[in-house]
Structures are given as C-alpha cells and as structure tokens.
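Here the structure is laid out as structure tokens; the discussion comes afterwards.
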Amino acid sequence: MNSTPRFLQGVLPFEGKGLDQPAPIGVPGYVVPAGVVAQAVYFRGGNSADELICVVLMRDGKQMRYFPIGAKSDVHVPLRVVEDLDSGTAVELWLAAPAGVTGTVVLDLGLVEV
C-alpha cells in the first residue's frame, strides 16, 4: 500500500480572544485529494505563553478535536487511526487562548494519505 505524509506546521504568534472563541491561527489548511482517504497520525504543539491555550482541529468548518497545551509547555498526542478523513474533507488548525494573552505556538499535525 502506498501512503503519502502531509503536515500542517508552523511557529506562529497569537493573541487570545477567549478560550471559548477559537480563531484561525494562520497555518494553511489541507483538503484531502479526490480518490484518497487521509488519517491524522499525531499532533505536537508547544506554547510560550504563561496561560493554558487550546489548539482546535477543525474539520469542514466544525470543531473536531481539542488539544490543550499548558502554560510554557508542550504536548504530543498519537492519533493513529482515530478516524478516516474522506476525499474533499477540509482540515484546519485554530487556536483559543484567554482574552489578551499573547505568545508563540509551535504546531505540527501529521497526516497520511492512503
């Protein structure tokens, strides 16, 4: 079986609008190509801020998974075969942080097309 890795990655500054108000962070999204299925394999993230933040995996404009990252901390979440992402599915990473909190987030979402 052939597989192709894909990544949503970046090191980005942010300013929070509220933990209940996720917003796009600026990492280009990914759309599963026609004729293939993709799966998220892992999420890694780091947070430079003094407060908890939350990275939100969006699927077709809806919240799919939440990845909280503690203050000045990092996280690694294996996602092996959590669920398939069918052809045409759009995936994005958004971020939520307490209002006014600023910092830098390191993002790395690994996917594989099968």
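In the structure tokens, chains take letters A, B, ... by order of appearance, with residues numbered from 1 within each chain and ligands from 1 in the order shown.
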
Using only C-alpha atoms, determine which residues lie at most 10 Å from Thr102 (chain A), disregarding the query and same-chain residues fewer than 4 positions distant; provide the list as a PyMOL selection string.
chain A and resi 13-17+48-51+97-98

File dump, residues just selected, N, CA and C atoms, as an mmCIF file, in the first residue's frame:
```cif
data_model
loop_
_atom_site.group_PDB
_atom_site.id
_atom_site.type_symbol
_atom_site.label_atom_id
_atom_site.label_comp_id
_atom_site.auth_asym_id
_atom_site.auth_seq_id
_atom_site.Cartn_x
_atom_site.Cartn_y
_atom_site.Cartn_z
ATOM 1 N N PRO A 13 2.924 33.597 16.106
ATOM 2 C CA PRO A 13 2.493 34.424 17.232
ATOM 3 C C PRO A 13 0.968 34.390 17.329
ATOM 4 N N PHE A 14 0.442 34.622 18.525
ATOM 5 C CA PHE A 14 -1.008 34.676 18.695
ATOM 6 C C PHE A 14 -1.383 35.683 19.770
ATOM 7 N N GLU A 15 -2.640 36.124 19.711
ATOM 8 C CA GLU A 15 -3.256 36.910 20.779
ATOM 9 C C GLU A 15 -4.637 36.322 21.013
ATOM 10 N N GLY A 16 -4.907 35.906 22.242
ATOM 11 C CA GLY A 16 -6.156 35.241 22.564
ATOM 12 C C GLY A 16 -7.363 36.168 22.539
ATOM 13 N N LYS A 17 -8.491 35.581 22.169
ATOM 14 C CA LYS A 17 -9.773 36.291 22.166
ATOM 15 C C LYS A 17 -10.730 35.691 23.194
ATOM 16 N N SER A 48 4.398 29.134 24.362
ATOM 17 C CA SER A 48 5.324 30.000 25.093
ATOM 18 C C SER A 48 4.626 30.878 26.130
ATOM 19 N N ALA A 49 3.299 30.930 26.110
ATOM 20 C CA ALA A 49 2.549 31.840 26.990
ATOM 21 C C ALA A 49 2.502 31.342 28.435
ATOM 22 N N ASP A 50 2.183 32.256 29.333
ATOM 23 C CA ASP A 50 2.050 31.948 30.762
ATOM 24 C C ASP A 50 0.677 31.381 31.122
ATOM 25 N N GLU A 51 -0.164 31.136 30.117
ATOM 26 C CA GLU A 51 -1.527 30.632 30.332
ATOM 27 C C GLU A 51 -1.772 29.418 29.436
ATOM 28 N N ALA A 97 -7.285 31.045 23.230
ATOM 29 C CA ALA A 97 -6.484 31.423 24.390
ATOM 30 C C ALA A 97 -7.261 32.474 25.168
ATOM 31 N N PRO A 98 -7.001 32.619 26.463
ATOM 32 C CA PRO A 98 -7.685 33.653 27.234
ATOM 33 C C PRO A 98 -7.510 35.025 26.571
#
```

Using only C-alpha atoms, find the one residue out of A:Ala34, A:Ala71, A:Leu8, A:Ile53 that sits nearest to Gly88 (chain A).
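Of all the options, A:Ala34 lies closest to Gly88 (chain A).
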
Among chain A, which ones does DSSP assign to strand (DSSP E or B) (computed from the backbone)? Answer as a PyMOL selection string.
chain A and resi 4-15+23-24+30-31+38-47+53-59+62-69+73-78+84-85+90-96+102-113

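Nearest to Met58 (chain A) of all the residues A:Ile25, A:Leu79, A:Ala40, A:Glu92 is A:Glu92, counting only C-alpha atoms.
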
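Proximity to Tyr30 (chain A) was assessed for A:Ala96, A:Leu57, A:Met64, A:Val114 counting only C-alpha atoms; the smallest distance is recorded for A:Leu57.
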
Can you work out the spacing between CA of Arg44 (chain A) and CA of Gln9 (chain A) in Å, to one decimal?
9.4 Å

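In this model, the gap between CA of Asp108 (chain A) and CA of Gly29 (chain A) comes to 12.3 Å.
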
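Using only C-alpha atoms, the smallest distance between any of A:Tyr66, A:Gly46, A:Glu83, A:Val77 and Leu107 (chain A) comes from A:Gly46.
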
Just checking: using only C-alpha atoms, which residue out of A:Gly18, A:Lys62, A:Pro24, A:Val37 ends up closest to Pro5 (chain A)?
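Using only C-alpha atoms, Pro5 (chain A) sits closest to A:Val37.
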
Looking at only C-alpha atoms, which of A:Val105, A:Ala90, A:Leu111, A:Leu95 is the one that sits closest to Pro78 (chain A)?
A:Leu111

Neighbouring residues of Glu113 (chain A) were defined as those with any atom within 9 Å, considering only C-alpha atoms; residues of the same chain fewer than 5 positions away were excluded. Please report them as a list of chain:residue names.
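Non-adjacent residues within range: A:Asn2, A:Ser3, A:Thr4, A:Pro5, A:Arg6, A:Val32, A:Pro33, A:Val36, A:Val37, A:Ala38, A:Gln39.
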